[in-house]
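**Student:** Okay, here's the structure, questions in a sec.
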Amino acid sequence: MALGLEASLGNTVITTRLDEVINWGRQYSLWPFIFGTACCAIEFMSAAASQHDISRFGAEVVRFSPRQADLLLVCGTISYKQAPILKRIYEQIPDPKWVVAMGACASSGGIYDNYCTVQGIDTIIPVDVYISGCPPRPEAILDALIKIQEQIKTESVLIDRHKDFKGILD
Amino acid sequence: MNATALEKIQAAFPDATCKAVLDSVVIDVQPENLEKTLSRLKNDAAFNCGLMVDVTAIDYLDHPQRRQTRFSVVYTLRNWQEGLLVQVRTPVADPDQGVATATHLWGSAVWGEREVYDQYGIRFQGHPDLRRILNHWQFEGHPLRKDYSIYKGQVCYQTDSLEKEIRARLLENGVDETTMQDINTEIMFLNIGPSHPATHGAIRILTALDGETILANVNEIGYLHRGFEKTAENRTYNQVIPLTDRLNYCSSMINNIAYAKAVESWLGVEITERAKFMRVVLTEFYRVLDHLVCLAAALVDMGGLTNYWYLYNEKEAAYDFISRLTGARLTSSFTRIGGMYRDFYEGWEGDLEIQLRGIEKGIGDALKLVDTNRIVHDRTQGVCVVSAETALSYGFTGPVLRASGVPFDLRKDAPYYNYESFDFEVPVGTNGDIYDRFMIRFYEMAQSIRIIRQAIKHIPTGPVNVNNSQVCLPPKQQVYNNIEGLANHFKLVFEGVKTPQGEWYDSFEAANGELGFHFVSDGSGKPYKLKVRPPCFYIMGGFHKMVEGNMIADAVINLSCINIIGGELDR
Ligand code: SF4
């Protein structure tokens with residue numbers, strides 16, 4: 001989360017005021033990276049297309065380079081073969097970053113309780129919002145986006161949210 | 001047809017036992033005769049099986065009927081001109097020893113046999129590149145063996161470098177150290193994917209470049225391997241239907257229908273006339289949707305974003321109709337063994353007609369931007385050409401094969417569901433370049449819409465499910481009000497639809513090509529083995545043949561115009 005400022009400012013009133021401004025900015029300019037592997041990605045296409053229009057929430061600048069994104073949307077099943085790649089992509093996204101697990105597969109493995117499917121991406125990377133459904137409707141993606149925005153509102157540059165996360169690939 | 005084909009084949013292979021199963025002739029040969037049999041079937045003009053549709057293995061470990069060996073390998077071949085379907089089956093005494101490869105006969109065997117090796121651990125002697133394909137390289141054991149537990153996951157820590165493979169491919173194409181010195185350049189290796197916008201999912205394309213020209217290409221798949229086949233072995237026949245949705249998720253209903261048809265054909269269940277028409281309407285509707293998504297994405301890759309809105313908006317609008325009918329937008333699960341989940345709702349014809357008009361308008365708008373567009377022509381014509389011969393050898397089917405000039409379409413060549421009585425044409429390409437693969441989908445959509453209109457006109461009234469208590473659930477009225485109905489419902493749900501023991505293959509013309517299902521039944525309500533023959537698996541297997549010698553940017557649009565869908569590719 002850090003900006004580098006907190007080192008000199010510390011936990012003071014300036015930092016908390018600063019938090020508000022920064023969070024306001026971050027909320028409405030999320031740049032998603034779509035880690036689309038399966039069926040759920042098709043529903044993301046719908047969320048991006050005219051009818052649901054994700055740009056109403058300031059998140060239409062879909063980036064395909066993790067270095068330019070701050071919201072990782074994992075749409076689809078993650079297999080063990082895919083897992084190291086997901087982790088690498090996550091690591092390449094600069095802080096601050098948020099992760100949405102879209103659909104039953106990304107959240108828990110979904111209907112694929114078997115030898116090749118990771119049983120939820122939260123065993124590999126930390127997740128902020130889960131979306132249920134197989135696949136979720138586009139409205140649910142927008143809902144998740146709003147949830148992330150609300151979460152951002154409460155964050156502070158002083159706190160590193162996932163410092164202690166340990167997944168199966170760590 | 002089958003009786004004569006059977007006689008002909010039995011006469012040609014007197015040592016083998018031949019029998020007719022559904023539409024196919026099954027030949028049982030001894031391993032030492034396998035190679036001879038396969039090459040005769042391919043090269044003898046009397047059989048002319050130019051298409052190796054699929055290869056798979058069967059593990060009989062838990063099968064109630066004892067065999068002399070635990071494993072068998074089955075090749076499925078097709079003579080597309082005469083509609084001859086042949087399966088060659090051979091027992092495998094020792095999987096480490098395996099059987100002789102068929103890669104010198106068909107290009108499609110390269111990936112097909114790799115999959116058998118990966119899933120069953122059966123080796124193929126003489127195979128040029130026998131390594132895992134769906135599971136990751138650190139995987140141990142072979143998941144489709146009956147003694148491999150479905151829950152035994154294995155973590156992969158690192159991706160494969162593929163360096164050895166690309167160097168081998170370079171050598172095969174005649175590029176070695178001296179040529180590299182000759183052209184006074186260094187070869188650059190460029191890796192695209194598995195997480196890259198151009199791969200539309202998760203495929204890894206590794207190329208060796210001279211400037212921008214591709215000298216060699218190898219591809220890695222399996223990133224979306226979700227264990228469809230193993231999971232299906234643990235589900236009843238009806239429970240597999242939701243899994244089929246997720247094969248080619250752009251046209252989920254086609255998979256539902258193809259699967260139900262495959263089971264029904266073995267059960268000998270003739271579905272009602274109305275259900276047949278429903279299936280035709282829905283198949284063709286989904287074919288249109290599938291092509292819409294493919295073209296929309298392909299045009300984005302070419303830089304034409306406007307087309308995406310024209311085409312994709314129609315797909316989005318179609319969801320209104322689909323969700324009204326099935327209750328879901330993407331994953332329809334709309335068929336049942338013996339019929340459909342339910343009938344059309346009242347007034348569906350009007351809704352469907354509105355969708356069709358919208359789609360026609362969308363296609364028209366997009367075509368206006370594409371048809372005489374110089375940029376599109378220059379980028380697609382004469383690019384990534386694949387000859388009919390190569391296409392057949394690599395097991396291409398569907399629009400991609402037809403673009404190369406082979407008019408093979410199961411709806412014409414082995415018609416089912418009254419397709420023979422519909423008036424439609426099969427568009428065929430001439431050059432086999434990207435342009436053909438691209439335009440053929442535009443034309444196919446028009447033909448599909450034509451079929452839908454005819455079917456709407458002639459659809460009969462009546463029930464959509466067969467009246468057979470062994471196959472279809474009884475009406476709720478009976479379940480709630482009398483004990484027979486309740487018991488019947490209970491048994492069908494818990495035990496599944498029981499199929500007689502045996503093995504069969506059934507195929508369907510899906511949006512991407514021949515979608516086949518190879519079943520083995522042990523007589524219970526769950527498939528003993530269920531292998532999918534996914535059309536785009538084999539198309540991807542020949543990808544390097546399309547792109548080598550072309551530019552790297554062409555490879556990107558070539559990938560989008562062959563419509564690779566991860567769920568179907570990796571299962
Ligand atoms: S949650 Fe369902 S729709 Fe989404 S990727 Fe998994 S199977 Fe596909």
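FYI, nothing fancy with the structure tokens labels: chains A, B, ... in order, residues from 1 per chain, ligands from 1 as they appear.
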Considering only C-alpha atoms, return as a VMD selection string whatever protein or nucleic-acid residues lie within 8 Å of segment 67-74 of chain A, sequence-local ones (same chain, fewer than 2 positions apart) excluded.
**Tutor:** chain A and resid 30 to 36 62 to 65 76 90 92 to 102 106
**Student:** Generate the output file for the selected residues, N, CA and C atoms, as a PDB file, in the first residue's frame.
**Tutor:**
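Saved file result.pdb follows:
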ATOM      1  N   LEU A  30      -9.765   2.077 -11.171  1.00  0.00           N
ATOM      2  CA  LEU A  30      -9.172   0.741 -11.121  1.00  0.00           C
ATOM      3  C   LEU A  30      -8.869   0.282 -12.534  1.00  0.00           C
ATOM      4  N   TRP A  31      -7.693  -0.249 -12.714  1.00  0.00           N
ATOM      5  CA  TRP A  31      -7.337  -0.783 -14.024  1.00  0.00           C
ATOM      6  C   TRP A  31      -7.263  -2.298 -13.903  1.00  0.00           C
ATOM      7  N   PRO A  32      -8.238  -2.984 -14.466  1.00  0.00           N
ATOM      8  CA  PRO A  32      -8.241  -4.433 -14.275  1.00  0.00           C
ATOM      9  C   PRO A  32      -7.293  -5.173 -15.212  1.00  0.00           C
ATOM     10  N   PHE A  33      -6.743  -6.208 -14.679  1.00  0.00           N
ATOM     11  CA  PHE A  33      -6.032  -7.195 -15.505  1.00  0.00           C
ATOM     12  C   PHE A  33      -6.918  -8.430 -15.522  1.00  0.00           C
ATOM     13  N   ILE A  34      -7.280  -8.884 -16.708  1.00  0.00           N
ATOM     14  CA  ILE A  34      -8.191 -10.019 -16.789  1.00  0.00           C
ATOM     15  C   ILE A  34      -7.394 -11.294 -16.928  1.00  0.00           C
ATOM     16  N   PHE A  35      -7.407 -12.095 -15.907  1.00  0.00           N
ATOM     17  CA  PHE A  35      -6.783 -13.411 -16.023  1.00  0.00           C
ATOM     18  C   PHE A  35      -7.897 -14.368 -16.430  1.00  0.00           C
ATOM     19  N   GLY A  36      -8.244 -14.322 -17.694  1.00  0.00           N
ATOM     20  CA  GLY A  36      -9.402 -15.085 -18.167  1.00  0.00           C
ATOM     21  C   GLY A  36      -8.954 -16.411 -18.713  1.00  0.00           C
ATOM     22  N   VAL A  62      -8.947  -1.901 -19.469  1.00  0.00           N
ATOM     23  CA  VAL A  62      -8.445  -3.255 -19.266  1.00  0.00           C
ATOM     24  C   VAL A  62      -7.015  -3.327 -19.773  1.00  0.00           C
ATOM     25  N   ARG A  63      -6.132  -3.742 -18.891  1.00  0.00           N
ATOM     26  CA  ARG A  63      -4.728  -3.835 -19.274  1.00  0.00           C
ATOM     27  C   ARG A  63      -4.340  -5.293 -19.379  1.00  0.00           C
ATOM     28  N   PHE A  64      -3.499  -5.580 -20.329  1.00  0.00           N
ATOM     29  CA  PHE A  64      -3.029  -6.953 -20.417  1.00  0.00           C
ATOM     30  C   PHE A  64      -1.594  -7.068 -19.993  1.00  0.00           C
ATOM     31  N   SER A  65      -1.087  -5.991 -19.433  1.00  0.00           N
ATOM     32  CA  SER A  65       0.213  -6.103 -18.808  1.00  0.00           C
ATOM     33  C   SER A  65      -0.009  -5.900 -17.319  1.00  0.00           C
ATOM     34  N   GLY A  76     -12.270 -17.755 -14.196  1.00  0.00           N
ATOM     35  CA  GLY A  76     -12.173 -19.104 -14.745  1.00  0.00           C
ATOM     36  C   GLY A  76     -11.396 -20.058 -13.877  1.00  0.00           C
ATOM     37  N   TYR A  90       0.448 -12.177 -10.458  1.00  0.00           N
ATOM     38  CA  TYR A  90       0.084 -11.443  -9.245  1.00  0.00           C
ATOM     39  C   TYR A  90       1.293 -10.677  -8.716  1.00  0.00           C
ATOM     40  N   GLN A  92       3.741  -9.594 -10.323  1.00  0.00           N
ATOM     41  CA  GLN A  92       4.161  -8.519 -11.227  1.00  0.00           C
ATOM     42  C   GLN A  92       3.298  -7.270 -11.107  1.00  0.00           C
ATOM     43  N   ILE A  93       2.112  -7.418 -10.537  1.00  0.00           N
ATOM     44  CA  ILE A  93       1.259  -6.246 -10.364  1.00  0.00           C
ATOM     45  C   ILE A  93       1.820  -5.412  -9.217  1.00  0.00           C
ATOM     46  N   PRO A  94       2.054  -4.137  -9.478  1.00  0.00           N
ATOM     47  CA  PRO A  94       2.608  -3.318  -8.407  1.00  0.00           C
ATOM     48  C   PRO A  94       1.571  -3.056  -7.316  1.00  0.00           C
ATOM     49  N   ASP A  95       2.054  -2.863  -6.111  1.00  0.00           N
ATOM     50  CA  ASP A  95       1.165  -2.507  -5.009  1.00  0.00           C
ATOM     51  C   ASP A  95       0.662  -1.086  -5.204  1.00  0.00           C
ATOM     52  N   PRO A  96      -0.502  -0.711  -4.740  1.00  0.00           N
ATOM     53  CA  PRO A  96      -1.505  -1.555  -4.113  1.00  0.00           C
ATOM     54  C   PRO A  96      -2.288  -2.340  -5.160  1.00  0.00           C
ATOM     55  N   LYS A  97      -2.701  -3.540  -4.807  1.00  0.00           N
ATOM     56  CA  LYS A  97      -3.439  -4.368  -5.771  1.00  0.00           C
ATOM     57  C   LYS A  97      -4.565  -5.091  -5.070  1.00  0.00           C
ATOM     58  N   TRP A  98      -5.575  -5.393  -5.841  1.00  0.00           N
ATOM     59  CA  TRP A  98      -6.731  -6.098  -5.300  1.00  0.00           C
ATOM     60  C   TRP A  98      -7.042  -7.281  -6.194  1.00  0.00           C
ATOM     61  N   VAL A  99      -7.626  -8.302  -5.625  1.00  0.00           N
ATOM     62  CA  VAL A  99      -7.907  -9.515  -6.396  1.00  0.00           C
ATOM     63  C   VAL A  99      -9.378  -9.899  -6.246  1.00  0.00           C
ATOM     64  N   VAL A 100     -10.000 -10.195  -7.378  1.00  0.00           N
ATOM     65  CA  VAL A 100     -11.365 -10.695  -7.357  1.00  0.00           C
ATOM     66  C   VAL A 100     -11.349 -12.114  -7.914  1.00  0.00           C
ATOM     67  N   ALA A 101     -11.934 -13.041  -7.179  1.00  0.00           N
ATOM     68  CA  ALA A 101     -12.080 -14.406  -7.690  1.00  0.00           C
ATOM     69  C   ALA A 101     -13.471 -14.499  -8.286  1.00  0.00           C
ATOM     70  N   MET A 102     -13.535 -14.599  -9.613  1.00  0.00           N
ATOM     71  CA  MET A 102     -14.833 -14.598 -10.261  1.00  0.00           C
ATOM     72  C   MET A 102     -15.287 -16.028 -10.524  1.00  0.00           C
ATOM     73  N   ALA A 106     -12.824 -20.239  -9.613  1.00  0.00           N
ATOM     74  CA  ALA A 106     -11.745 -19.451  -9.036  1.00  0.00           C
ATOM     75  C   ALA A 106     -11.891 -19.399  -7.519  1.00  0.00           C
TER      76      ALA A 106
END
**Student:** Find the residues near segment 318-335 of chain B: any atom within 7 Å, counting only C-alpha atoms, skip ones fewer than 5 places away on the same chain, and give them as a PyMOL selection string.
**Tutor:** chain B and resi 241-242+245+252-253+256-257+260+340-341+344-345+351-352+355
**Student:** I need the chosen residues saved as a compact mmCIF listing (two decimals), in the first residue's frame, with N, CA, C and O atoms.
**Tutor:**
# COMPACT_ATOMS: atom_id res chain seq x y z
N ILE B 241 -24.18 -33.83 -18.17
CA ILE B 241 -24.63 -32.75 -19.07
C ILE B 241 -24.09 -31.36 -18.65
O ILE B 241 -23.56 -30.64 -19.49
N PRO B 242 -24.18 -30.99 -17.38
CA PRO B 242 -23.59 -29.69 -17.02
C PRO B 242 -22.10 -29.61 -17.30
O PRO B 242 -21.57 -28.53 -17.59
N ASP B 245 -21.52 -28.52 -20.93
CA ASP B 245 -21.66 -27.07 -21.15
C ASP B 245 -20.31 -26.40 -21.23
O ASP B 245 -20.13 -25.43 -21.94
N SER B 252 -22.54 -23.78 -25.72
CA SER B 252 -22.76 -24.84 -24.74
C SER B 252 -23.85 -25.82 -25.16
O SER B 252 -23.73 -27.02 -24.97
N MET B 253 -24.91 -25.29 -25.75
CA MET B 253 -26.04 -26.16 -26.06
C MET B 253 -25.66 -27.23 -27.10
O MET B 253 -26.17 -28.34 -27.05
N ASN B 256 -24.34 -30.05 -25.23
CA ASN B 256 -25.42 -30.77 -24.54
C ASN B 256 -26.10 -31.73 -25.51
O ASN B 256 -26.34 -32.89 -25.20
N ILE B 257 -26.42 -31.19 -26.68
CA ILE B 257 -27.18 -31.97 -27.64
C ILE B 257 -26.33 -33.13 -28.18
O ILE B 257 -26.80 -34.26 -28.28
N ALA B 260 -26.14 -35.81 -25.50
CA ALA B 260 -27.39 -36.56 -25.32
C ALA B 260 -27.62 -37.48 -26.51
O ALA B 260 -28.01 -38.64 -26.35
N MET B 340 -35.56 -33.08 -23.89
CA MET B 340 -35.10 -31.77 -23.48
C MET B 340 -35.54 -31.53 -22.04
O MET B 340 -36.41 -32.20 -21.52
N TYR B 341 -34.94 -30.51 -21.42
CA TYR B 341 -35.36 -30.14 -20.08
C TYR B 341 -36.83 -29.72 -20.10
O TYR B 341 -37.63 -30.16 -19.30
N PHE B 344 -40.21 -25.28 -25.56
CA PHE B 344 -40.12 -23.83 -25.76
C PHE B 344 -41.25 -23.14 -25.00
O PHE B 344 -42.33 -23.72 -24.82
N TYR B 345 -41.03 -21.92 -24.62
CA TYR B 345 -42.12 -21.18 -23.97
C TYR B 345 -43.04 -20.60 -25.03
O TYR B 345 -42.70 -20.59 -26.23
N ASP B 351 -39.79 -14.17 -30.50
CA ASP B 351 -38.54 -13.74 -29.88
C ASP B 351 -37.34 -14.15 -30.73
O ASP B 351 -36.42 -13.38 -30.95
N LEU B 352 -37.41 -15.39 -31.19
CA LEU B 352 -36.28 -15.90 -31.96
C LEU B 352 -36.13 -15.12 -33.27
O LEU B 352 -35.02 -14.77 -33.67
N GLN B 355 -34.38 -11.98 -32.68
CA GLN B 355 -32.93 -12.19 -32.54
C GLN B 355 -32.28 -12.40 -33.90
O GLN B 355 -31.23 -11.85 -34.19
**Student:** Can you check which residues of chain B have any atom within 6 Å of chain A? Use only C-alpha atoms and format it as a PyMOL selection string.
**Tutor:** chain B and resi 136+150-153+155-157+201-202+223+226+249
**Student:** Taking 4 positions as the minimum chain separation for residues in the same chain, which residues sit within 12 Å of Thr4 of chain B when counting only C-alpha atoms? Answer as an NGL selection string.
**Tutor:** :B and (8-11 or 19-20 or 24-25 or 84)
**Student:** To one decimal in Å, tell me the separation between atom CA of Leu22 of chain B and atom CA of Asn465 of chain B.
**Tutor:**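 Computing it gives 22.4 Å between the two atoms.
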**Student:** Near Lys276 of chain B, counting only C-alpha atoms, which residues have an atom at most 9 Å away, once you skip same-chain residues fewer than 5 positions from it, shown as number ranges by chain?
**Tutor:** B: 271, 281, 339, 417-418, 459, 464
**Student:** Could you save those same residues with C-alpha atoms as a PDB file, in the first residue's frame?
**Tutor:**
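Saved result, again-v4.pdb, follows:
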ATOM      1  CA  ILE B 271     -36.435 -38.949 -29.355  1.00  0.00           C
ATOM      2  CA  VAL B 281     -33.147 -24.959 -34.028  1.00  0.00           C
ATOM      3  CA  GLY B 339     -35.314 -35.275 -24.797  1.00  0.00           C
ATOM      4  CA  TYR B 417     -32.231 -35.179 -36.887  1.00  0.00           C
ATOM      5  CA  ASN B 418     -33.701 -34.835 -40.393  1.00  0.00           C
ATOM      6  CA  ILE B 459     -41.784 -27.917 -36.096  1.00  0.00           C
ATOM      7  CA  VAL B 464     -40.374 -33.225 -25.975  1.00  0.00           C
TER       8      VAL B 464
END
